[in-house]
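Trainee: My structure is below; once you've seen it, I'll send some questions.
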Amino acid sequence: MDGTGHNIGQAEAELRPLDVFEYNAGKDHYKYAWNDLREGLARHRLVRTMVSTSFKSRYKGTLLGAFWLTATAGVTVLGLGVIYSQVFQIDFRAYLPYVAIGMMVWGLINGFVTESISTFSGMSSVFTQIKIPMSVFPLALAGRLMMTFFYRALVVVAILFIGERMISIPDVAASLAGLAIIAWAGFWTAVLFGILGARFRDFGQLVNAFMTFAFFMTPVFWDASRLGHYSFVAHYNPLYHFLNIIRGPLIGSTDVGLSFIVAGAISVFLPLAAFGMFARFRHRLAYWC
């Protein structure tokens with residue numbers, strides 16, 4: 001048996017003993033939720049198998065495989081860089097890293113927000129038939145989106161090498177810290193929005209409409225300073241701060257500290273709300289989905 005088959009076999013073996021769903025309404029909801037998170041983290045082999053299987057099935061039979069993500073991102077960034085550098089009258093080499101990082105990070109943020117809606121409802125055929133920690137599904141979603149981001153980020157690495165600004169080790173470390181914050185917040189967004197999406201089926205349509213509007217209101221490919229006296233609008237946009245904690249250190253933004261404070265504060269309160277919802281409604285997901 002090859003390595004892939006061995007991993008899948010191990011993942012399936014982890015599920016066999018858990019064939020009975022146990023829930024006592026008289027016990028503490030938070031204890032059940034905490035145990036679910038612990039079990040989900042312990043099933044790291046299962047999570048990795050879910051992520052790799054998703055990638056392999058999506059790009060099975062293609063010539064480039066997952067590197068189609070890199071190629072598509074490169075074409076998109078190059079096209080936007082050429083067009084909007086002329087529209088905004090900005091030097092192409094200076095503008096290209098800005099729009100490249102902005103598009104890559106926005107894709108990650110948008111993925112966490114919009115795909116989180118179906119975190120549980122999209123996997124109902126699994127957890128309604130076998131007992132499995134519900135936290136496995138947001139973990140698998142986070143893993144898949146992060147892997148997608150890393151393939152697309154290869155374009156950013158290439159662009160930074162030809163850019164005008166020299167990138168230092170502290171800049172890279174700060175940007176990676178920002179990426180870790182987004183991954184952390186993204187996981188809890190998957191938990192929270194997954195529950196809301198399972199209970200209220202219109203919630204996904206509302207979120208998709210909001211993110212379409214938010215894309216144009218967030219400085220992804222345009223600079224907030226071009227708003228003049230209204231540039232403060234960008235700083236009231238939390239999505240901009242999550243974007244800036246990765247892009248800011250790499251392009252030398254002056255408001256990176258503020259963005260880390262805002263994103264860090266949200267990343268503290270978001271898990272509290274998500275865990276509370278998870279503890280309260282985790283046992284109802286099987287009925288809602």
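In the structure tokens, chains take letters A, B, ... by order of appearance, with residues numbered from 1 within each chain and ligands from 1 in the order shown.
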May I have all residues of stretch 98-224 of chain A that DSSP, computed from the backbone, assigns to alpha helix (DSSP H), given as a ChimeraX atom specification?

Mentor: /A:98-115,124-127,136-162,169-199,203-217

Trainee: Do you know which residues are at most 9 Å from A:Ile109 counting only C-alpha atoms, after dropping those on the same chain fewer than 3 positions away, and could you put them as a PyMOL selection string?

Mentor: chain A and resi 104-106+112-114+182+186+239+242-243

Trainee: For the residues in the current selection, export C-alpha atoms as a PDB file, in the first residue's frame.

Mentor:
```pdb
ATOM      1  CA  MET A 104      -3.650  37.385  -2.693  1.00  0.00           C
ATOM      2  CA  VAL A 105      -4.588  38.396   0.847  1.00  0.00           C
ATOM      3  CA  TRP A 106      -8.064  39.495  -0.182  1.00  0.00           C
ATOM      4  CA  PHE A 112     -12.671  32.435   4.891  1.00  0.00           C
ATOM      5  CA  VAL A 113     -15.751  34.657   4.994  1.00  0.00           C
ATOM      6  CA  THR A 114     -17.776  33.246   2.092  1.00  0.00           C
ATOM      7  CA  ILE A 182      -5.738  35.730   9.739  1.00  0.00           C
ATOM      8  CA  GLY A 186     -10.422  32.488   9.822  1.00  0.00           C
ATOM      9  CA  LEU A 239     -11.062  44.121   6.475  1.00  0.00           C
ATOM     10  CA  PHE A 242      -6.504  42.327   8.210  1.00  0.00           C
ATOM     11  CA  LEU A 243      -5.223  43.046   4.717  1.00  0.00           C
TER      12      LEU A 243
END
```

Trainee: Which neighbours of stretch 275-288 of chain A fall inside 12 Å, counting only C-alpha atoms, when residues of the same chain fewer than 2 positions from it are skipped, and could you give them as number ranges by chain?

Mentor: A: 21-25, 27-37, 118-135, 138, 187-201, 268-273

Trainee: Give me, as a tab-separated table, each residue of stretch 203-257 of chain A that comes within 12 Å of stretch 65-88 of chain A, together with its shortest interatomic pair and the distance in Å at one decimal, counting only C-alpha atoms, with rows ordered by chain and rising residue number.

Mentor:
```
residue	atom	partner	partner_atom	distance
A:Val220	CA	A:Leu80	CA	11.0
A:Phe221	CA	A:Tyr84	CA	7.9
A:Trp222	CA	A:Phe88	CA	8.2
A:Asp223	CA	A:Phe88	CA	9.3
A:Ser225	CA	A:Phe88	CA	11.9
A:Arg226	CA	A:Phe88	CA	9.2
```

Trainee: So that I can check the surroundings of stretch 251-255 of chain A, please list as a short mmCIF file (atom, residue, chain, number, x, y, z; two decimals) with C-alpha atoms, in the first residue's frame every protein, DNA and RNA residue that reaches within 10 Å of it, counting only C-alpha atoms and ignoring chain neighbours fewer than 3 positions away.

Mentor:
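Result file is selection10.cif:
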```
data_model
loop_
_atom_site.label_atom_id
_atom_site.label_comp_id
_atom_site.auth_asym_id
_atom_site.auth_seq_id
_atom_site.Cartn_x
_atom_site.Cartn_y
_atom_site.Cartn_z
CA ALA A 94 6.21 50.24 -7.37
CA TYR A 95 2.53 49.42 -7.84
CA PRO A 97 3.77 44.45 -5.28
CA TYR A 98 0.92 46.51 -3.77
CA ILE A 101 -0.18 41.19 -2.21
CA LEU A 160 9.00 41.05 -4.45
CA GLY A 163 10.41 45.12 -6.77
CA GLU A 164 12.18 48.35 -5.86
CA ARG A 165 11.98 47.91 -2.09
CA MET A 166 14.39 45.68 -0.20
CA ILE A 167 12.53 43.31 2.12
CA ASP A 171 9.35 42.68 7.52
CA HIS A 235 -9.25 52.83 8.74
CA HIS A 241 -6.58 46.08 8.79
CA ASN A 244 -2.63 45.49 6.00
CA ILE A 245 -1.07 43.20 8.61
CA ILE A 246 0.32 41.10 5.76
CA ARG A 247 0.82 43.67 3.02
CA GLY A 248 1.86 46.61 5.18
CA LEU A 258 -2.67 50.27 14.20
CA SER A 259 -3.73 47.43 11.92
CA PHE A 260 -2.15 44.84 14.22
#
```

Trainee: Go ahead and compute the interatomic distance for atom CA of A:Phe215 and atom CA of A:Glu115, in Å to one decimal.

Mentor: 15.8 Å
